[in-house]
Every structure is written in C-alpha cells, then in structure tokens.
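Engineer: Just entry_18.txt, nothing more (compact mmCIF, N, CA and C atoms):
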```txt
# COMPACT_ATOMS: atom_id res chain seq x y z
N ILE A 179 174.13 87.61 6.53
CA ILE A 179 173.87 88.67 5.59
C ILE A 179 172.97 89.69 6.28
N THR A 180 173.29 90.95 6.14
CA THR A 180 172.43 92.02 6.64
C THR A 180 172.22 93.06 5.55
N TRP A 181 171.12 93.77 5.68
CA TRP A 181 170.79 94.82 4.73
C TRP A 181 170.63 96.14 5.48
N LYS A 182 170.79 97.24 4.76
CA LYS A 182 170.63 98.55 5.37
C LYS A 182 169.23 98.73 5.94
N THR A 183 168.25 98.09 5.36
CA THR A 183 166.87 98.23 5.81
C THR A 183 166.49 97.22 6.89
N GLN A 184 167.41 96.37 7.27
CA GLN A 184 167.13 95.34 8.27
C GLN A 184 166.98 95.96 9.66
N MET A 185 166.05 95.43 10.43
CA MET A 185 165.79 95.93 11.78
C MET A 185 166.18 94.88 12.79
N ASN A 186 166.78 95.28 13.88
CA ASN A 186 167.11 94.37 14.96
C ASN A 186 165.84 94.10 15.76
N THR A 187 165.39 92.86 15.76
CA THR A 187 164.15 92.49 16.44
C THR A 187 164.40 91.72 17.74
N THR A 188 165.62 91.78 18.25
CA THR A 188 165.97 91.02 19.45
C THR A 188 165.04 91.31 20.61
N GLU A 189 164.61 92.55 20.78
CA GLU A 189 163.77 92.89 21.92
C GLU A 189 162.40 92.22 21.86
N TYR A 190 162.03 91.67 20.71
CA TYR A 190 160.73 91.02 20.56
C TYR A 190 160.81 89.49 20.68
N VAL A 191 161.95 88.98 21.04
CA VAL A 191 162.15 87.53 21.17
C VAL A 191 161.65 87.07 22.54
N ASN A 192 161.05 85.90 22.58
CA ASN A 192 160.60 85.26 23.82
C ASN A 192 159.52 86.05 24.56
N LEU A 193 158.58 86.58 23.83
CA LEU A 193 157.47 87.30 24.46
C LEU A 193 156.30 86.38 24.79
N ASP A 194 156.27 85.20 24.19
CA ASP A 194 155.14 84.30 24.40
C ASP A 194 155.26 83.58 25.74
N PRO A 195 154.15 83.48 26.46
CA PRO A 195 154.16 82.79 27.75
C PRO A 195 154.22 81.28 27.58
N ALA A 196 154.59 80.60 28.66
CA ALA A 196 154.58 79.13 28.66
C ALA A 196 153.15 78.66 28.43
N GLY A 197 152.99 77.62 27.66
CA GLY A 197 151.67 77.13 27.28
C GLY A 197 150.79 76.70 28.43
N ASP A 198 151.39 76.29 29.55
CA ASP A 198 150.60 75.82 30.68
C ASP A 198 150.37 76.90 31.73
N SER A 199 150.85 78.12 31.47
CA SER A 199 150.61 79.23 32.40
C SER A 199 149.24 79.85 32.11
N GLU A 200 148.79 80.69 33.03
CA GLU A 200 147.50 81.36 32.81
C GLU A 200 147.52 82.19 31.52
N GLU A 201 148.62 82.91 31.32
CA GLU A 201 148.73 83.73 30.11
C GLU A 201 148.84 82.87 28.86
N GLY A 202 149.49 81.72 28.98
CA GLY A 202 149.61 80.80 27.85
C GLY A 202 148.27 80.23 27.44
N ILE A 203 147.46 79.93 28.41
CA ILE A 203 146.10 79.42 28.13
C ILE A 203 145.26 80.52 27.48
N ILE A 204 145.41 81.75 27.97
CA ILE A 204 144.71 82.89 27.34
C ILE A 204 145.17 83.04 25.90
N ALA A 205 146.48 82.97 25.67
CA ALA A 205 147.02 83.12 24.32
C ALA A 205 146.44 82.07 23.38
N GLN A 206 146.34 80.84 23.85
CA GLN A 206 145.77 79.77 23.01
C GLN A 206 144.31 80.06 22.70
N ARG A 207 143.57 80.50 23.69
CA ARG A 207 142.14 80.81 23.48
C ARG A 207 141.98 81.97 22.50
N VAL A 208 142.80 83.00 22.64
CA VAL A 208 142.72 84.15 21.73
C VAL A 208 143.06 83.71 20.31
N PHE A 209 144.05 82.84 20.15
CA PHE A 209 144.40 82.35 18.82
C PHE A 209 143.25 81.55 18.22
N GLU A 210 142.57 80.74 19.03
CA GLU A 210 141.42 79.98 18.55
C GLU A 210 140.29 80.92 18.12
N ILE A 211 140.07 81.99 18.88
CA ILE A 211 139.04 82.98 18.51
C ILE A 211 139.41 83.60 17.17
N TYR A 212 140.67 83.96 17.01
CA TYR A 212 141.14 84.54 15.74
C TYR A 212 140.91 83.58 14.58
N GLU A 213 141.31 82.30 14.76
CA GLU A 213 141.15 81.32 13.68
C GLU A 213 139.68 81.15 13.29
N GLN A 214 138.80 81.08 14.28
CA GLN A 214 137.38 80.91 13.99
C GLN A 214 136.82 82.12 13.27
N ALA A 215 137.18 83.33 13.72
CA ALA A 215 136.67 84.55 13.09
C ALA A 215 137.18 84.66 11.66
N ARG A 216 138.44 84.34 11.46
CA ARG A 216 139.02 84.41 10.12
C ARG A 216 138.34 83.43 9.18
N ALA A 217 138.14 82.20 9.66
CA ALA A 217 137.49 81.19 8.83
C ALA A 217 136.07 81.61 8.45
N LYS A 218 135.32 82.14 9.41
CA LYS A 218 133.96 82.59 9.12
C LYS A 218 133.96 83.76 8.14
N ALA A 219 134.89 84.69 8.34
CA ALA A 219 134.96 85.87 7.47
C ALA A 219 135.28 85.47 6.03
N ILE A 220 136.16 84.50 5.88
CA ILE A 220 136.56 84.06 4.54
C ILE A 220 135.48 83.20 3.88
N SER A 221 134.91 82.30 4.65
CA SER A 221 134.03 81.30 4.04
C SER A 221 132.56 81.69 3.97
N SER A 222 132.10 82.53 4.89
CA SER A 222 130.65 82.74 4.90
C SER A 222 130.20 84.19 4.93
N ALA A 223 131.08 85.12 5.15
CA ALA A 223 130.65 86.53 5.19
C ALA A 223 130.31 87.00 3.78
N SER A 224 129.16 87.64 3.67
CA SER A 224 128.70 88.06 2.35
C SER A 224 128.80 89.57 2.13
N SER A 225 129.28 90.29 3.15
CA SER A 225 129.41 91.73 3.00
C SER A 225 130.48 92.25 3.95
N ASP A 226 130.93 93.46 3.68
CA ASP A 226 131.89 94.10 4.56
C ASP A 226 131.31 94.25 5.96
N GLN A 227 130.06 94.58 6.03
CA GLN A 227 129.41 94.76 7.33
C GLN A 227 129.41 93.46 8.13
N GLU A 228 129.20 92.35 7.47
CA GLU A 228 129.22 91.06 8.16
C GLU A 228 130.63 90.75 8.68
N VAL A 229 131.64 91.07 7.90
CA VAL A 229 133.03 90.88 8.33
C VAL A 229 133.31 91.74 9.56
N LEU A 230 132.90 92.99 9.51
CA LEU A 230 133.11 93.89 10.65
C LEU A 230 132.39 93.39 11.90
N SER A 231 131.22 92.84 11.71
CA SER A 231 130.47 92.27 12.83
C SER A 231 131.22 91.07 13.43
N LEU A 232 131.76 90.21 12.57
CA LEU A 232 132.54 89.07 13.05
C LEU A 232 133.78 89.53 13.81
N LEU A 233 134.44 90.57 13.30
CA LEU A 233 135.63 91.10 13.97
C LEU A 233 135.28 91.72 15.32
N ASP A 234 134.17 92.42 15.39
CA ASP A 234 133.73 93.00 16.65
C ASP A 234 133.44 91.92 17.69
N LYS A 235 132.79 90.85 17.24
CA LYS A 235 132.50 89.74 18.16
C LYS A 235 133.79 89.06 18.61
N ALA A 236 134.73 88.88 17.68
CA ALA A 236 136.01 88.27 18.03
C ALA A 236 136.76 89.12 19.05
N GLU A 237 136.73 90.43 18.86
CA GLU A 237 137.38 91.34 19.82
C GLU A 237 136.75 91.22 21.20
N ALA A 238 135.43 91.21 21.26
CA ALA A 238 134.73 91.08 22.53
C ALA A 238 135.04 89.74 23.19
N ASP A 239 135.05 88.68 22.40
CA ASP A 239 135.36 87.34 22.93
C ASP A 239 136.80 87.28 23.45
N ALA A 240 137.73 87.90 22.72
CA ALA A 240 139.12 87.90 23.15
C ALA A 240 139.28 88.67 24.46
N GLN A 241 138.58 89.78 24.58
CA GLN A 241 138.65 90.55 25.82
C GLN A 241 138.10 89.74 26.99
N LYS A 242 137.00 89.02 26.76
CA LYS A 242 136.43 88.16 27.81
C LYS A 242 137.39 87.04 28.18
N ALA A 243 138.18 86.57 27.21
CA ALA A 243 139.12 85.48 27.47
C ALA A 243 140.35 85.95 28.24
N GLY A 244 140.53 87.27 28.37
CA GLY A 244 141.67 87.78 29.12
C GLY A 244 142.77 88.39 28.27
N TYR A 245 142.43 88.86 27.09
CA TYR A 245 143.41 89.41 26.16
C TYR A 245 144.23 90.53 26.79
N ASP A 246 143.60 91.38 27.60
CA ASP A 246 144.32 92.47 28.24
C ASP A 246 145.44 91.94 29.14
N LYS A 247 145.17 90.88 29.86
CA LYS A 247 146.19 90.28 30.74
C LYS A 247 147.35 89.74 29.90
N LEU A 248 147.04 89.14 28.76
CA LEU A 248 148.08 88.64 27.86
C LEU A 248 148.94 89.79 27.34
N LEU A 249 148.31 90.88 26.95
CA LEU A 249 149.06 92.04 26.47
C LEU A 249 149.94 92.63 27.56
N GLN A 250 149.45 92.66 28.78
CA GLN A 250 150.26 93.15 29.90
C GLN A 250 151.50 92.27 30.09
N TYR A 251 151.31 90.95 30.01
CA TYR A 251 152.42 90.01 30.15
C TYR A 251 153.46 90.26 29.06
N LYS A 252 153.00 90.34 27.81
CA LYS A 252 153.93 90.53 26.69
C LYS A 252 154.64 91.88 26.77
N THR A 253 153.93 92.90 27.20
CA THR A 253 154.55 94.21 27.34
C THR A 253 155.64 94.18 28.41
N ALA A 254 155.37 93.52 29.52
CA ALA A 254 156.37 93.40 30.59
C ALA A 254 157.61 92.66 30.09
N LYS A 255 157.42 91.57 29.36
CA LYS A 255 158.55 90.80 28.82
C LYS A 255 159.34 91.65 27.83
N TRP A 256 158.64 92.40 26.99
CA TRP A 256 159.29 93.27 26.02
C TRP A 256 160.14 94.33 26.73
N GLN A 257 159.58 94.93 27.78
CA GLN A 257 160.32 95.94 28.54
C GLN A 257 161.56 95.32 29.21
N GLU A 258 161.43 94.10 29.72
CA GLU A 258 162.58 93.39 30.31
C GLU A 258 163.66 93.19 29.25
N ASN A 259 163.26 92.78 28.06
CA ASN A 259 164.22 92.57 26.97
C ASN A 259 164.93 93.88 26.62
N LYS A 260 164.20 94.96 26.56
CA LYS A 260 164.80 96.25 26.24
C LYS A 260 165.84 96.64 27.30
N GLN A 261 165.51 96.38 28.57
CA GLN A 261 166.45 96.69 29.64
C GLN A 261 167.71 95.83 29.54
N LYS A 262 167.54 94.57 29.23
CA LYS A 262 168.70 93.68 29.08
C LYS A 262 169.61 94.14 27.95
N MET A 263 169.02 94.65 26.90
CA MET A 263 169.82 95.11 25.77
C MET A 263 170.60 96.38 26.10
N LYS A 264 170.11 97.16 27.07
CA LYS A 264 170.79 98.39 27.47
C LYS A 264 171.87 98.14 28.52
N ALA A 265 171.84 96.96 29.13
CA ALA A 265 172.77 96.65 30.23
C ALA A 265 174.21 96.72 29.72
N PRO A 266 175.10 97.21 30.58
CA PRO A 266 176.52 97.27 30.19
C PRO A 266 177.08 95.87 29.97
N LYS A 267 177.98 95.77 29.06
CA LYS A 267 178.53 94.46 28.71
C LYS A 267 179.87 94.24 29.34
```
The structure in this file should be written as structure tokens.
Structural biologist:
Amino acid sequence: ITWKTQMNTTEYVNLDPAGDSEEGIIAQRVFEIYEQARAKAISSASSDQEVLSLLDKAEADAQKAGYDKLLQYKTAKWQENKQKMKAPK
C-alpha cells in the first residue's frame, strides 16, 4: 500500500555503522549520552533552564565522544546510497 504523501526513504537505509567499528562504538556512546540526558531531564529537571543545561552538557559530551566522526560516516553512507539510486539499471 502506498499513499500520495508517502516518501521514499531508501537512501536512508543502512546508515548505521557496525557495532564493533570505531564509528559503531561512538554511536553507542552517543546513544548512552542521549539516554542519560533524557532521563535526567524527565526525572529531575525542575526548570526549562535546567533542561537546557542538561542538553548543552549532553551536546558537549557527544562531541567529545566523536559525534562529528559519526556524522561524517553517516553522511558518506547516505551519499553512497544516493549515487546507487541514480545508477543506470
């Protein structure tokens, strides 16, 4: 079944790195940082400012963990997928 508003998301498939690769380890660490920040924001933050502070710390921690390298990996995979989709059949 397809709808007029449906979008083809094929180019976004298989962007995640292997779990035992350097990028995969970074991805796991970034996800853990996200989970911890979300849990703290939901359970213990008492103001918008405290939530923003938690998010800022999570962003800094993710950058230290190598988030930029992970984004570069995913962008390269995405671009490869786009090229494959343009290839003649």
Engineer: DSSP says alpha helix (DSSP H) for which residues of segment 188-267 of chain A? Put them as a count of residues only?
Structural biologist: 60
Engineer: Report, in Å with one decimal, the straight-line distance from atom N of Pro195 of chain A to atom CA of Gln214 of chain A.
Structural biologist: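 One can read the atom N of Pro195 of chain A to atom CA of Gln214 of chain A distance as 21.1 Å.
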Engineer: Quick one, how far is atom C of Trp256 of chain A from atom C of Leu233 of chain A?
Structural biologist: 27.5 Å
Engineer: Starting from 8 Å padding per side, set up an axis-aligned box that covers all listed atoms of segment 197-208 of chain A and hand over centre and edge lengths in Å, one decimal, as AutoDock Vina command-line options.
Structural biologist:
```
--center_x 147.5 --center_y 80.0 --center_z 26.7 --size_x 27.0 --size_y 24.3 --size_z 28.7
```
Engineer: Restricting the calculation to only C-alpha atoms: of A:Ala215, A:Ala265, A:Val208, A:Val229, which residue gets closest to Tyr245 of chain A?
Structural biologist: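 Closest to Tyr245 of chain A, using only C-alpha atoms: A:Val208.
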Engineer: Check the smallest atom-to-atom distance from each of A:Ala223, A:Glu213, A:Leu249, A:Lys255 to Leu193 of chain A using all atoms listed in the file, then report the winner.
Structural biologist: A:Lys255
Engineer: State, in Å with one decimal place, the distance from atom N of Trp181 of chain A to atom N of Ala254 of chain A.
Structural biologist: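 Atom N of Ala254 of chain A lies at a distance of 28.6 Å from atom N of Trp181 of chain A.
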Engineer: Which residue is closest to Arg216 of chain A? Choose from A:Asp198, A:Ile203, A:Lys247, A:Ala236 and count only C-alpha atoms.
Structural biologist: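 So, comparing all the options, the nearest one is A:Ala236.
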Engineer: (142.8, 85.1, 26.4) in this file's frame - what residues fall within 6.5 Å of it? Use only N, CA and C atoms and give the answer as a ChimeraX atom specification.
Structural biologist: /A:203-208,240,242-246,248
Engineer: Write the residues of the preceding selection, restricted to N, CA and C atoms, as a PDB file, keeping the file's coordinate frame.
Structural biologist:
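Output below, filename selection-v3.pdb:
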```
ATOM      1  N   ILE A 203     147.460  79.930  28.410  1.00  0.00           N
ATOM      2  CA  ILE A 203     146.100  79.420  28.130  1.00  0.00           C
ATOM      3  C   ILE A 203     145.260  80.520  27.480  1.00  0.00           C
ATOM      4  N   ILE A 204     145.410  81.750  27.970  1.00  0.00           N
ATOM      5  CA  ILE A 204     144.710  82.890  27.340  1.00  0.00           C
ATOM      6  C   ILE A 204     145.170  83.040  25.900  1.00  0.00           C
ATOM      7  N   ALA A 205     146.480  82.970  25.670  1.00  0.00           N
ATOM      8  CA  ALA A 205     147.020  83.120  24.320  1.00  0.00           C
ATOM      9  C   ALA A 205     146.440  82.070  23.380  1.00  0.00           C
ATOM     10  N   GLN A 206     146.340  80.840  23.850  1.00  0.00           N
ATOM     11  CA  GLN A 206     145.770  79.770  23.010  1.00  0.00           C
ATOM     12  C   GLN A 206     144.310  80.060  22.700  1.00  0.00           C
ATOM     13  N   ARG A 207     143.570  80.500  23.690  1.00  0.00           N
ATOM     14  CA  ARG A 207     142.140  80.810  23.480  1.00  0.00           C
ATOM     15  C   ARG A 207     141.980  81.970  22.500  1.00  0.00           C
ATOM     16  N   VAL A 208     142.800  83.000  22.640  1.00  0.00           N
ATOM     17  CA  VAL A 208     142.720  84.150  21.730  1.00  0.00           C
ATOM     18  C   VAL A 208     143.060  83.710  20.310  1.00  0.00           C
ATOM     19  N   ALA A 240     137.730  87.900  22.720  1.00  0.00           N
ATOM     20  CA  ALA A 240     139.120  87.900  23.150  1.00  0.00           C
ATOM     21  C   ALA A 240     139.280  88.670  24.460  1.00  0.00           C
ATOM     22  N   LYS A 242     137.000  89.020  26.760  1.00  0.00           N
ATOM     23  CA  LYS A 242     136.430  88.160  27.810  1.00  0.00           C
ATOM     24  C   LYS A 242     137.390  87.040  28.180  1.00  0.00           C
ATOM     25  N   ALA A 243     138.180  86.570  27.210  1.00  0.00           N
ATOM     26  CA  ALA A 243     139.120  85.480  27.470  1.00  0.00           C
ATOM     27  C   ALA A 243     140.350  85.950  28.240  1.00  0.00           C
ATOM     28  N   GLY A 244     140.530  87.270  28.370  1.00  0.00           N
ATOM     29  CA  GLY A 244     141.670  87.780  29.120  1.00  0.00           C
ATOM     30  C   GLY A 244     142.770  88.390  28.270  1.00  0.00           C
ATOM     31  N   TYR A 245     142.430  88.860  27.090  1.00  0.00           N
ATOM     32  CA  TYR A 245     143.410  89.410  26.160  1.00  0.00           C
ATOM     33  C   TYR A 245     144.230  90.530  26.790  1.00  0.00           C
ATOM     34  N   ASP A 246     143.600  91.380  27.600  1.00  0.00           N
ATOM     35  CA  ASP A 246     144.320  92.470  28.240  1.00  0.00           C
ATOM     36  C   ASP A 246     145.440  91.940  29.140  1.00  0.00           C
ATOM     37  N   LEU A 248     147.040  89.140  28.760  1.00  0.00           N
ATOM     38  CA  LEU A 248     148.080  88.640  27.860  1.00  0.00           C
ATOM     39  C   LEU A 248     148.940  89.790  27.340  1.00  0.00           C
TER      40      LEU A 248
END
```
Engineer: Quick one: of A:Ser222, A:Asn259, A:Ser231, A:Thr253, who's nearest to Val191 of chain A, counting only N, CA and C atoms?
Structural biologist: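 Result for the nearest residue to Val191 of chain A: A:Asn259.
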